[in-house]
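Novice: Input file: entry30.csv. Contents: CSV, C-alpha atoms.
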```
chain,number,residue,atom,x,y,z
A,1,MET,CA,77.9,96.4,73.7
A,2,ILE,CA,76.0,99.4,72.2
A,3,PHE,CA,75.7,100.1,68.5
A,4,GLY,CA,74.2,102.9,66.4
A,5,VAL,CA,75.4,106.5,66.5
A,6,ARG,CA,72.5,108.0,68.5
A,7,ALA,CA,72.6,105.1,71.1
A,8,VAL,CA,76.3,105.6,71.6
A,9,ILE,CA,75.9,109.4,72.0
A,10,GLU,CA,73.2,108.9,74.6
A,11,ALA,CA,75.4,106.4,76.5
A,12,ILE,CA,78.2,108.9,76.6
A,13,GLN,CA,76.0,111.7,77.7
A,14,ALA,CA,74.5,109.4,80.4
A,15,GLY,CA,77.9,108.8,81.9
A,16,LYS,CA,78.2,105.2,81.0
A,17,GLU,CA,81.7,103.7,81.5
A,18,ILE,CA,82.9,102.9,77.9
A,19,ASP,CA,86.1,101.0,77.2
A,20,LYS,CA,86.4,101.9,73.6
A,21,ILE,CA,84.4,102.8,70.5
A,22,LEU,CA,84.9,101.4,67.0
A,23,VAL,CA,84.0,103.8,64.2
A,24,LYS,CA,83.9,103.0,60.5
A,25,LYS,CA,86.9,104.5,58.7
A,26,ASP,CA,84.9,106.6,56.1
A,27,ILE,CA,82.0,107.7,58.3
A,28,GLN,CA,80.8,111.2,57.4
A,29,SER,CA,77.2,111.6,58.5
A,30,ASP,CA,76.0,114.7,60.4
A,31,LEU,CA,75.2,112.4,63.3
A,32,SER,CA,78.8,111.1,63.4
A,33,LYS,CA,80.0,114.8,63.7
A,34,GLU,CA,77.8,115.1,66.7
A,35,LEU,CA,79.3,111.9,68.1
A,36,PHE,CA,82.9,113.3,67.7
A,37,ALA,CA,81.8,116.6,69.4
A,38,VAL,CA,80.5,114.6,72.4
A,39,LEU,CA,83.7,112.6,72.6
A,40,LYS,CA,85.9,115.7,72.6
A,41,GLY,CA,87.5,116.0,76.0
A,42,THR,CA,86.7,112.4,77.1
A,43,LEU,CA,89.2,109.7,77.7
A,44,ILE,CA,87.3,107.1,75.6
A,45,PRO,CA,89.6,105.5,73.0
A,46,VAL,CA,88.3,105.6,69.5
A,47,GLN,CA,89.5,103.3,66.7
A,48,ARG,CA,88.7,103.9,63.1
A,49,VAL,CA,88.3,100.5,61.5
A,50,PRO,CA,87.0,98.8,58.3
A,51,VAL,CA,83.3,98.2,58.4
A,52,GLU,CA,84.0,94.4,58.2
A,53,ARG,CA,85.5,94.5,61.7
A,54,ILE,CA,82.3,96.1,63.1
A,55,ASN,CA,80.2,93.5,61.2
A,56,LYS,CA,82.0,90.7,63.1
A,57,PHE,CA,80.3,92.0,66.3
A,58,THR,CA,76.8,92.7,64.8
A,59,ARG,CA,75.0,92.7,61.5
A,60,LYS,CA,72.2,94.9,62.8
A,61,ASN,CA,71.9,98.6,61.9
A,62,HIS,CA,75.1,99.8,63.6
A,63,GLN,CA,75.5,102.8,61.4
A,64,GLY,CA,79.3,102.3,61.5
A,65,VAL,CA,79.6,102.8,65.3
A,66,ILE,CA,79.9,100.3,68.1
A,67,ALA,CA,80.8,100.9,71.8
A,68,PHE,CA,81.9,98.5,74.4
A,69,ILE,CA,80.8,99.1,78.0
A,70,SER,CA,83.4,98.7,80.7
A,71,SER,CA,83.0,96.0,83.3
A,72,VAL,CA,84.2,98.4,86.0
A,73,THR,CA,84.0,102.1,86.9
A,74,TYR,CA,87.4,103.7,86.3
A,75,GLN,CA,88.9,105.8,89.0
A,76,LYS,CA,91.2,108.8,89.0
A,77,VAL,CA,94.6,108.9,90.7
A,78,GLU,CA,94.0,112.4,92.0
A,79,GLU,CA,91.0,111.1,94.0
A,80,GLN,CA,92.6,107.8,95.1
A,81,VAL,CA,95.8,109.3,96.6
A,82,PRO,CA,94.1,111.6,99.1
A,83,PHE,CA,91.6,108.9,99.9
A,84,PHE,CA,94.3,106.4,101.0
A,85,PHE,CA,96.3,109.1,102.8
A,86,GLU,CA,93.2,110.2,104.7
A,87,GLN,CA,92.7,106.6,105.8
A,88,GLY,CA,96.2,106.5,107.2
A,89,LYS,CA,97.4,104.1,104.5
A,90,ASN,CA,100.8,103.8,103.0
A,91,PRO,CA,99.6,103.6,99.3
A,92,PHE,CA,101.1,101.0,96.9
A,93,PHE,CA,100.2,101.4,93.2
A,94,ILE,CA,101.1,99.4,90.1
A,95,MET,CA,101.3,101.3,86.8
A,96,LEU,CA,101.1,99.4,83.4
A,97,ASP,CA,102.8,101.2,80.5
A,98,GLY,CA,101.7,99.9,77.1
A,99,ILE,CA,100.5,96.5,78.2
A,100,THR,CA,97.8,95.3,75.9
A,101,ASP,CA,97.4,91.5,76.7
A,102,VAL,CA,94.2,91.2,78.7
A,103,ARG,CA,95.3,87.9,80.3
A,104,ASN,CA,98.5,89.4,81.5
A,105,PHE,CA,96.5,92.3,82.9
A,106,GLY,CA,94.1,89.9,84.7
A,107,ALA,CA,97.0,87.9,86.1
A,108,ILE,CA,98.7,91.1,87.4
A,109,ALA,CA,95.4,92.3,89.0
A,110,ARG,CA,95.1,88.9,90.8
A,111,THR,CA,98.6,89.2,92.2
A,112,CYS,CA,97.9,92.9,93.1
A,113,ASP,CA,95.0,91.8,95.2
A,114,CYS,CA,97.1,89.1,96.9
A,115,ALA,CA,100.1,91.4,97.6
A,116,GLY,CA,98.1,94.3,99.0
A,117,VAL,CA,98.4,96.7,96.1
A,118,ASP,CA,95.9,99.5,96.4
A,119,ALA,CA,95.3,100.4,92.8
A,120,ILE,CA,96.3,99.8,89.2
A,121,ILE,CA,97.0,102.6,86.8
A,122,ILE,CA,96.7,102.3,83.0
A,123,PRO,CA,96.7,104.9,80.2
A,124,ALA,CA,93.6,105.7,78.3
A,125,LYS,CA,95.1,104.9,74.9
A,126,GLY,CA,97.4,102.1,73.7
A,127,SER,CA,96.6,99.9,76.7
A,128,VAL,CA,94.6,97.0,77.9
A,129,SER,CA,91.0,97.5,79.1
A,130,VAL,CA,88.9,95.7,81.6
A,131,ASN,CA,86.9,93.2,79.6
A,132,ALA,CA,85.4,89.8,80.3
A,133,ASP,CA,88.7,87.9,79.7
A,134,ALA,CA,90.6,90.3,82.1
A,135,MET,CA,87.9,89.9,84.7
A,136,LYS,CA,88.0,86.1,84.4
A,137,THR,CA,91.8,85.9,84.6
A,138,SER,CA,91.9,88.2,87.6
A,139,ALA,CA,89.8,85.6,89.6
A,140,GLY,CA,87.5,88.4,90.7
A,141,ALA,CA,90.2,90.9,91.8
A,142,LEU,CA,89.1,93.5,89.2
A,143,HIS,CA,85.7,93.6,90.9
A,144,THR,CA,87.2,95.3,94.0
A,145,LEU,CA,90.7,96.6,93.0
A,146,PRO,CA,90.5,100.2,91.8
A,147,VAL,CA,91.7,100.7,88.2
A,148,CYS,CA,92.7,104.3,87.3
A,149,ARG,CA,92.6,105.2,83.6
A,150,GLU,CA,94.7,108.3,83.0
A,151,LYS,CA,95.1,110.5,79.9
A,152,ASN,CA,98.8,111.0,80.4
A,153,LEU,CA,101.1,108.7,82.4
A,154,LYS,CA,103.9,111.2,82.5
A,155,ASP,CA,101.6,113.8,84.2
A,156,THR,CA,100.3,111.1,86.6
A,157,LEU,CA,103.9,110.1,87.6
A,158,GLN,CA,104.7,113.8,88.2
A,159,TYR,CA,101.6,114.1,90.4
A,160,LEU,CA,102.6,111.0,92.4
A,161,LYS,CA,106.2,112.3,92.9
A,162,ASN,CA,104.8,115.6,94.1
A,163,SER,CA,102.6,113.6,96.5
A,164,GLY,CA,105.6,111.9,98.1
A,165,PHE,CA,105.6,108.6,96.1
A,166,ARG,CA,108.8,106.7,95.2
A,167,ILE,CA,108.6,105.6,91.6
A,168,ILE,CA,110.4,102.3,90.7
A,169,ALA,CA,110.6,101.1,87.1
A,170,ALA,CA,111.3,97.4,86.2
A,171,THR,CA,113.6,97.5,83.2
A,172,GLU,CA,116.4,95.5,81.6
A,173,LYS,CA,118.3,98.8,81.8
A,174,GLY,CA,118.1,98.7,85.6
A,175,ASP,CA,121.0,100.0,87.6
A,176,TYR,CA,120.8,97.1,90.1
A,177,GLU,CA,118.8,94.0,91.1
A,178,TYR,CA,115.3,94.5,92.3
A,179,THR,CA,116.0,93.4,95.9
A,180,LYS,CA,118.3,96.4,96.4
A,181,ALA,CA,115.5,99.0,95.8
A,182,ASP,CA,113.6,100.7,98.6
A,183,TYR,CA,109.9,99.8,98.4
A,184,THR,CA,108.9,101.3,101.8
A,185,GLY,CA,106.7,104.4,101.9
A,186,PRO,CA,104.2,105.6,99.3
A,187,LEU,CA,105.1,103.6,96.2
A,188,CYS,CA,104.4,103.2,92.5
A,189,VAL,CA,106.0,100.3,90.5
A,190,ILE,CA,105.8,100.8,86.8
A,191,MET,CA,105.9,97.8,84.4
A,192,GLY,CA,106.3,98.0,80.6
A,193,ALA,CA,105.2,95.8,77.7
A,194,GLU,CA,107.5,92.8,77.1
A,195,ASP,CA,108.6,94.1,73.7
A,196,THR,CA,109.1,97.8,74.3
A,197,GLY,CA,109.4,98.1,78.1
A,198,VAL,CA,108.7,101.3,80.0
A,199,SER,CA,108.8,104.4,77.7
A,200,TYR,CA,111.8,106.7,78.0
A,201,GLU,CA,109.8,109.7,79.1
A,202,ASN,CA,108.3,107.7,82.0
A,203,LEU,CA,111.7,106.2,82.9
A,204,ALA,CA,113.1,109.7,83.2
A,205,LEU,CA,110.7,110.4,86.1
A,206,CYS,CA,111.5,107.2,88.1
A,207,ASP,CA,113.5,107.3,91.3
A,208,GLU,CA,115.0,103.8,90.7
A,209,TRP,CA,115.5,101.5,87.8
A,210,VAL,CA,115.7,97.8,88.8
A,211,LYS,CA,116.2,94.6,86.9
A,212,ILE,CA,115.4,90.9,87.6
A,213,PRO,CA,118.3,88.6,87.0
A,214,ILE,CA,117.8,86.3,84.0
A,215,MET,CA,120.0,83.2,84.0
A,216,GLY,CA,118.7,81.3,81.0
A,217,THR,CA,118.7,82.0,77.2
A,218,ILE,CA,115.3,83.7,77.1
A,219,GLU,CA,115.8,87.4,77.5
A,220,SER,CA,112.8,88.3,79.7
A,221,LEU,CA,110.1,87.1,82.0
A,222,ASN,CA,106.4,87.2,81.2
A,223,VAL,CA,105.3,90.7,82.4
A,224,SER,CA,102.8,89.2,84.9
A,225,VAL,CA,105.5,87.0,86.4
A,226,ALA,CA,107.9,89.9,86.6
A,227,ALA,CA,105.3,92.1,88.2
A,228,GLY,CA,104.6,89.4,90.8
A,229,VAL,CA,108.3,89.2,91.7
A,230,LEU,CA,108.5,92.9,92.4
A,231,MET,CA,105.2,93.0,94.2
A,232,TYR,CA,106.3,90.4,96.7
A,233,GLU,CA,109.7,92.0,97.3
A,234,ALA,CA,107.7,95.2,98.0
A,235,LEU,CA,105.4,93.3,100.3
A,236,LYS,CA,108.3,91.7,102.2
A,237,GLN,CA,109.9,95.1,102.8
A,238,ARG,CA,106.6,96.8,103.7
A,239,ILE,CA,105.7,94.2,106.4
A,240,ASP,CA,109.1,93.8,108.0
```
Would it be possible to restate this file's structure as structure tokens?
Specialist:
Amino acid sequence: MIFGVRAVIEAIQAGKEIDKILVKKDIQSDLSKELFAVLKGTLIPVQRVPVERINKFTRKNHQGVIAFISSVTYQKVEEQVPFFFEQGKNPFFIMLDGITDVRNFGAIARTCDCAGVDAIIIPAKGSVSVNADAMKTSAGALHTLPVCREKNLKDTLQYLKNSGFRIIAATEKGDYEYTKADYTGPLCVIMGAEDTGVSYENLALCDEWVKIPIMGTIESLNVSVAAGVLMYEALKQRID
């Protein structure tokens, strides 16, 4: 955790991996204008919040700004894809669209490691970040599993399609059950938040929409459980 406008500016300029920055709603100093100029063009999420929220983290002279350092170094999909292809791998990615619960994220990462997933993709805004809770729930998986933080998931999906990836979405609107999909070849499985699901603009780019049968009265599975179901179906097909 870094607080104080100048300290945060210096951290950004030094290339520190920052998960997010909290900024006091009514901040108007000249130094804060310099901060926003430095932030321009970066993928660092910025939240404008009441000063009381910042005070919960520290009562020291934070000047209305506090930054949270990431536990990992975020990667880029455009670098990971050629890396895996050059190694002769058949890449398997998981994309998380709008998932904000860190424990679900950690659990998904743990299953990714067990099921042979090569990387997780998350959006820069409106998404979970790699914090201490996520690291703990992942049982150490997030120390080694690449996490790609991307500005625009739609553009990332298009890049993956152009690179030969099959895109499969897990959605209650699925055309058929998940076991009927083709998980062989370069693959990206996209999971959405439990309340909103995969966004329509991302669904439009998917090659297949699949669903998991629900037999009881509850409408959906926990997203980490659903992700695990699909990952192990993919693993089954990919090792046959």
Novice: Check the smallest atom-to-atom distance from each of A:Asp113, A:Ala7, A:Ser32, A:Ala134 to A:Phe92 using all atoms listed in the file, then report the winner.
Specialist: A:Asp113
Novice: Do you have the atom CA of A:Pro45-atom CA of A:Val8 distance handy?
Specialist: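 Value for the atom CA of A:Pro45-atom CA of A:Val8 distance: 13.4 Å.
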Novice: Neighbouring residues of A:Ser138 were defined as those with any atom within 12 Å, considering all atoms listed in the file; residues of the same chain fewer than 6 positions away were excluded. Please report them as a list in words.
Specialist: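 Listing them by chain and then by number gives Val102, Arg103, Asn104, Phe105, Gly106, Ala107, Ile108, Ala109, Arg110, Thr111, Cys112, Asp113, Cys114, Val130, Asn131, Ala132, Thr144, Leu145 and Ser224 of chain A.
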Novice: Around (78.2, 106.5, 66.6) in the file's own coordinates, what residues are found within 9 Å if you use all atoms listed in the file, given back as a list in words?
Specialist: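 Within the cut-off we find Phe3, Gly4, Val5, Arg6, Ala7, Val8, Ile9, Ile21, Leu22, Val23, Leu31, Ser32, Lys33, Glu34, Leu35, Phe36, His62, Gln63, Gly64, Val65, Ile66 and Ala67 of chain A.
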Novice: I want to know what sits within 7 Å of A:Ala169, based on all atoms listed in the file, with residues of the same chain fewer than 4 positions away left out; could you give that as a tab-separated table (two decimals) with C-alpha atoms, keeping the file's coordinate frame?
Specialist:
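As written to disk, part_13.tsv reads:
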```tsv
chain	number	residue	atom	x	y	z
A	189	VAL	CA	106.00	100.30	90.50
A	190	ILE	CA	105.80	100.80	86.80
A	191	MET	CA	105.90	97.80	84.40
A	203	LEU	CA	111.70	106.20	82.90
A	206	CYS	CA	111.50	107.20	88.10
A	208	GLU	CA	115.00	103.80	90.70
A	209	TRP	CA	115.50	101.50	87.80
A	210	VAL	CA	115.70	97.80	88.80
```
Novice: Quick one: distance from atom CA of A:Leu142 to atom CA of A:Gln13 in Å, one decimal?
Specialist: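 Computing the Euclidean distance for atom CA of A:Leu142 and atom CA of A:Gln13 yields 25.2 Å.
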Novice: For A:Asn90, which residue out of A:Asp182, A:Ala11, A:Glu150, A:Gly116 is the nearest one, using all atoms listed in the file?
Specialist: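 Under the stated criterion, the closest residue is A:Gly116.
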Novice: Looking at A:Val223, A:Ile18, A:Ala119, A:Ala37, which one is nearest to A:Pro91, with distances taken over all atoms listed in the file?
Specialist: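 The answer is A:Ala119, which sits nearest to A:Pro91.
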Novice: Find the residue from A:Gln28, A:Asn202, A:Thr156, A:Thr137 that sits nearest to A:Thr171; use only C-alpha atoms when measuring.
Specialist: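 Among the listed residues, the smallest separation from A:Thr171 belongs to A:Asn202.
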Novice: Any idea what the distance is between atom CA of A:Pro186 and atom CA of A:Ala141?
Specialist: 21.6 Å
Novice: Tell me which of A:Gln237, A:Ser129, A:Gln75, A:Ser163 sits closest to A:Thr184, counting only C-alpha atoms.
Specialist: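 Closest residue, counting only C-alpha atoms: A:Gln237.
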Novice: Find the residue from A:Asp26, A:Glu86, A:Asp97, A:Asp175 that sits nearest to A:Leu153; use only C-alpha atoms when measuring.
Specialist: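 For A:Leu153, the nearest of the given residues is A:Asp97.
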Novice: Kindly provide, as a VMD selection string, the polymer residues lying within 8 Å of (109.6, 96.1, 97.6), counting all atoms listed in the file and using the coordinates exactly as they appear in the file.
Specialist: chain A and resid 178 to 179 181 to 184 230 to 238
Novice: Just want the 7 Å neighbourhood of A:Lys211, counted on all atoms listed in the file, with same-chain residues fewer than 6 positions away dropped. Output as a PDB file with C-alpha atoms, in the frame of the given file.
Specialist:
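That gives us part.pdb:
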```pdb
ATOM      1  CA  ALA A 170     111.300  97.400  86.200  1.00  0.00           C
ATOM      2  CA  THR A 171     113.600  97.500  83.200  1.00  0.00           C
ATOM      3  CA  GLU A 172     116.400  95.500  81.600  1.00  0.00           C
ATOM      4  CA  LYS A 173     118.300  98.800  81.800  1.00  0.00           C
ATOM      5  CA  GLY A 174     118.100  98.700  85.600  1.00  0.00           C
ATOM      6  CA  TYR A 176     120.800  97.100  90.100  1.00  0.00           C
ATOM      7  CA  GLU A 177     118.800  94.000  91.100  1.00  0.00           C
ATOM      8  CA  TYR A 178     115.300  94.500  92.300  1.00  0.00           C
TER       9      TYR A 178
END
```
Novice: Excluding A:Gly164 and any residue of its chain fewer than 4 positions from it, enumerate the residues within 10 Å of it, using all atoms listed in the file, and give them as a list of chain:residue names.
Specialist: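 The neighbour list is A:Tyr159, A:Leu160, A:Gly185, A:Pro186, A:Leu187.
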Novice: Would you mind exporting the chosen residues as a tab-separated table (two decimals), in the frame of the given file, restricted to C-alpha atoms?
Specialist:
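The resulting selection_34.tsv:
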```tsv
chain	number	residue	atom	x	y	z
A	159	TYR	CA	101.60	114.10	90.40
A	160	LEU	CA	102.60	111.00	92.40
A	185	GLY	CA	106.70	104.40	101.90
A	186	PRO	CA	104.20	105.60	99.30
A	187	LEU	CA	105.10	103.60	96.20
```
